[in-house]
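Undergrad: Okay, here's the structure, questions in a sec.
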Amino acid sequence: MDISAREKNIWLELLITIGISVYYFFKTYQLNGWSEVASVEMGLVVRNVIFIAIVATVILYTLFSRQPEEDEDERDKLIKAKGNVCAYYCLTLCCVFLVGHIFINEISMLPSRLPEVDGAFLAHLLLIALMLTEVVKSSTQLVAYRKH
Amino acid sequence: MAKQTIENDIRKLRFAKGEMTQAQLAAVVGVTRQTILSLEACKYSPSLELAFRIATVFEVPLERVFRFSATELD
């Protein structure tokens with residue numbers, strides 16, 4: 001498979017995002033069901049996430065991304081734009097869902113309510129939305145590189 | 001519904017021009033080798049500017065390099 005340095009870097013970016021997210025959410029869930037944000041353990045998890053992200057980035061890029069990335073041409077820009085558009089729709093959808101949830105529970109006078117969530121849980125939902133957006137962006141770009 | 005593609009003779013023209021490599025053509029027209037690869041496979045339609053640049057390299061009119069093709073699908 002003929003794969004460019006840019007495509008390889010997107011693969012690495014995607015793998016690191018997924019790996020770090022899985023570690024973070026797994027550890028956070030183990031702590032106290034995602035609600036204990038301001039604890040010492042939570043601080044340790046965040047510190048580990050930052051450390052692992054830096055180490056994983058350095059190791060993976062050193063091992064697999066040796067050739068320098070060429071300058072962006074019109075095809076790269078088109079594919080990047082496609083990825084950004086899909087990521088934008090994904091983030092918008094997630095934000096509408098979260099704002100909708102807050103609106104129904106906190107602001108509106110509707111008799112039926114959605115399950116109550118606290119601020120910490122909502123913050124984690126926002127983190128999931130950001131992670132999902134990043135995954136959608138990278139995946140769209142990778143599919144476009146193979147398709148076009 | 002019709003499937004529309006832009007076909008091209010870049011590969012033939014490259015060989016006619018002293019067996020020019022994809023990398024050489026990419027460097028002259030200012031794109032990556034992957035873009036030339038993609039063009040030759042008819043997977044990517046170039047911008048008008050890039051199409052003219054490629055035609056200029058081969059010293060032929062644009063329609064000698066690219067042609068529009070529409071095939072009817074059932």
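Each chain in the structure tokens gets a letter, A, B and so on, in the order shown; residues start at 1 in every chain, and ligands are counted from 1 in the order they appear.
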Counting only C-alpha atoms, which residues of chain A come no farther than 10 Å from chain B, as a PDB file with C-alpha atoms, in the first residue's frame?

TA:
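part-v3.pdb written:
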```pdb
ATOM      1  CA  ASP A   2       1.428   3.369  -1.084  1.00  0.00           C
ATOM      2  CA  ILE A   3       1.009   5.553   1.989  1.00  0.00           C
ATOM      3  CA  SER A   4       2.264   9.136   2.306  1.00  0.00           C
ATOM      4  CA  GLU A  70       5.664  17.132   1.953  1.00  0.00           C
ATOM      5  CA  ASP A  71       4.034  20.533   1.484  1.00  0.00           C
ATOM      6  CA  GLU A  72       0.244  20.446   1.306  1.00  0.00           C
ATOM      7  CA  ASP A  73      -1.139  20.403  -2.236  1.00  0.00           C
ATOM      8  CA  GLU A  74      -4.728  20.944  -3.470  1.00  0.00           C
ATOM      9  CA  ARG A  75      -5.730  17.297  -2.855  1.00  0.00           C
ATOM     10  CA  ASP A  76      -4.438  17.420   0.747  1.00  0.00           C
ATOM     11  CA  TYR A 145      -7.055   9.486   1.078  1.00  0.00           C
ATOM     12  CA  ARG A 146      -7.883   5.911   0.037  1.00  0.00           C
ATOM     13  CA  LYS A 147     -10.922   6.921  -2.041  1.00  0.00           C
ATOM     14  CA  HIS A 148      -9.474   9.941  -3.913  1.00  0.00           C
TER      15      HIS A 148
END
```

Undergrad: Would you mind listing what lies within 12 Å of stretch 49-66 of chain A as a ChimeraX atom specification, with only C-alpha atoms counted and same-chain residues fewer than 3 positions away left out?

TA: /A:3-28,42-46,69

Undergrad: To one decimal in Å, tell me the separation between atom CA of A:Arg47 and atom CA of A:Phe121.

TA: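 For atom CA of A:Arg47 relative to atom CA of A:Phe121, the distance reads 19.5 Å.
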
Undergrad: Compare A:Ala87, A:Leu31, A:Cys95, A:Ile104 by their minimum atom-to-atom distance to A:Leu132, counting only C-alpha atoms, and give me the closest one.

TA: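 Counting only C-alpha atoms, the residue closest to A:Leu132 is A:Ala87.
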
Undergrad: Choose the residue, out of B:Ile36, B:Glu72, B:Ala27, B:Thr56, that has the smallest atom-to-atom separation from B:Asn8; count only C-alpha atoms.

TA: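 Ranking B:Ile36, B:Glu72, B:Ala27, B:Thr56 by distance to B:Asn8, first place goes to B:Ile36.
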
Undergrad: In Å, rounded to a single decimal, give me how far atom CA of B:Thr5 is from atom CA of B:Val29.

TA: 21.7 Å

Undergrad: Once DSSP has gone over the backbone, tell me which residues of stretch 26-81 of chain A are in helix (DSSP H, G or I), as a PyMOL selection string.

TA: chain A and resi 26-32+40-64+74-81

Undergrad: Within 8 Å of A:Thr140, counting only C-alpha atoms, which residues show up once you throw out same-chain ones fewer than 3 positions away? Write them as a ChimeraX atom specification, please.

TA: /A:82-83,86,136-137,143-144

Undergrad: Taking N, CA and C atoms for each residue, export the selection above as a PDB file, in the first residue's frame.

TA:
```pdb
ATOM      1  N   LYS A  82     -12.656  18.249   3.973  1.00  0.00           N
ATOM      2  CA  LYS A  82     -13.708  17.241   4.139  1.00  0.00           C
ATOM      3  C   LYS A  82     -13.745  16.740   5.581  1.00  0.00           C
ATOM      4  N   GLY A  83     -12.553  16.458   6.128  1.00  0.00           N
ATOM      5  CA  GLY A  83     -12.442  15.996   7.513  1.00  0.00           C
ATOM      6  C   GLY A  83     -12.980  17.029   8.485  1.00  0.00           C
ATOM      7  N   CYS A  86     -16.880  17.206   8.371  1.00  0.00           N
ATOM      8  CA  CYS A  86     -17.505  16.091   9.107  1.00  0.00           C
ATOM      9  C   CYS A  86     -17.337  16.277  10.614  1.00  0.00           C
ATOM     10  N   VAL A 136     -13.702  11.245  14.211  1.00  0.00           N
ATOM     11  CA  VAL A 136     -14.448  11.435  12.951  1.00  0.00           C
ATOM     12  C   VAL A 136     -13.569  12.167  11.939  1.00  0.00           C
ATOM     13  N   LYS A 137     -12.865  13.206  12.397  1.00  0.00           N
ATOM     14  CA  LYS A 137     -12.010  13.998  11.498  1.00  0.00           C
ATOM     15  C   LYS A 137     -10.913  13.115  10.870  1.00  0.00           C
ATOM     16  N   VAL A 143     -10.237   7.790   5.046  1.00  0.00           N
ATOM     17  CA  VAL A 143     -11.096   7.204   4.005  1.00  0.00           C
ATOM     18  C   VAL A 143     -10.937   7.994   2.705  1.00  0.00           C
ATOM     19  N   ALA A 144     -10.912   9.325   2.814  1.00  0.00           N
ATOM     20  CA  ALA A 144     -10.772  10.173   1.619  1.00  0.00           C
ATOM     21  C   ALA A 144      -9.429   9.948   0.928  1.00  0.00           C
TER      22      ALA A 144
END
```

Undergrad: B:Ala2, B:Arg14, B:Ala23, B:Asp9: which is nearest B:Glu63, counting only C-alpha atoms?

TA: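 Under the stated criterion, the closest residue is B:Asp9.
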
Undergrad: Just list as a list in words whatever in chain B DSSP marks as strand (DSSP E).

TA: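 Matching residues for strand (DSSP E) in chain B are Ala2, Lys3, Gln4, Thr5, Ile6, Glu7, Asn8, Phe66, Arg67, Phe68, Ser69, Ala70, Thr71 and Glu72 of chain B.
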
Undergrad: Okay, now the selection with C-alpha atoms, as a tab-separated table (two decimals), in the first residue's frame?

TA:
```
chain	number	residue	atom	x	y	z
B	2	ALA	CA	-24.84	8.98	-15.01
B	3	LYS	CA	-21.42	8.33	-13.50
B	4	GLN	CA	-19.14	11.22	-14.41
B	5	THR	CA	-15.37	10.95	-14.42
B	6	ILE	CA	-12.47	12.91	-15.81
B	7	GLU	CA	-10.22	10.48	-17.67
B	8	ASN	CA	-6.68	11.32	-18.64
B	66	PHE	CA	-8.02	15.25	-19.98
B	67	ARG	CA	-11.44	14.25	-21.30
B	68	PHE	CA	-14.84	14.20	-19.68
B	69	SER	CA	-16.65	10.87	-19.59
B	70	ALA	CA	-20.20	10.12	-18.51
B	71	THR	CA	-21.51	6.56	-18.40
B	72	GLU	CA	-25.16	5.76	-17.77
```

Undergrad: Neighbours of A:Ala129 within 7 Å (only C-alpha atoms; same-chain residues fewer than 3 positions away dropped), as a ChimeraX atom specification?

TA: /A:91,94,125-126,132-133

Undergrad: When distances are computed from only C-alpha atoms, which of A:Tyr89, A:Val99, A:Asn105, A:Pro115 shows the smallest separation from A:Glu134?

TA: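 Closest residue, counting only C-alpha atoms: A:Tyr89.
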
Undergrad: Can you tell me how far atom CA of B:Glu19 sits from atom CA of B:Phe52, in Å to one decimal?

TA: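 Taking atom CA of B:Glu19 and atom CA of B:Phe52, their separation equals 20.4 Å.
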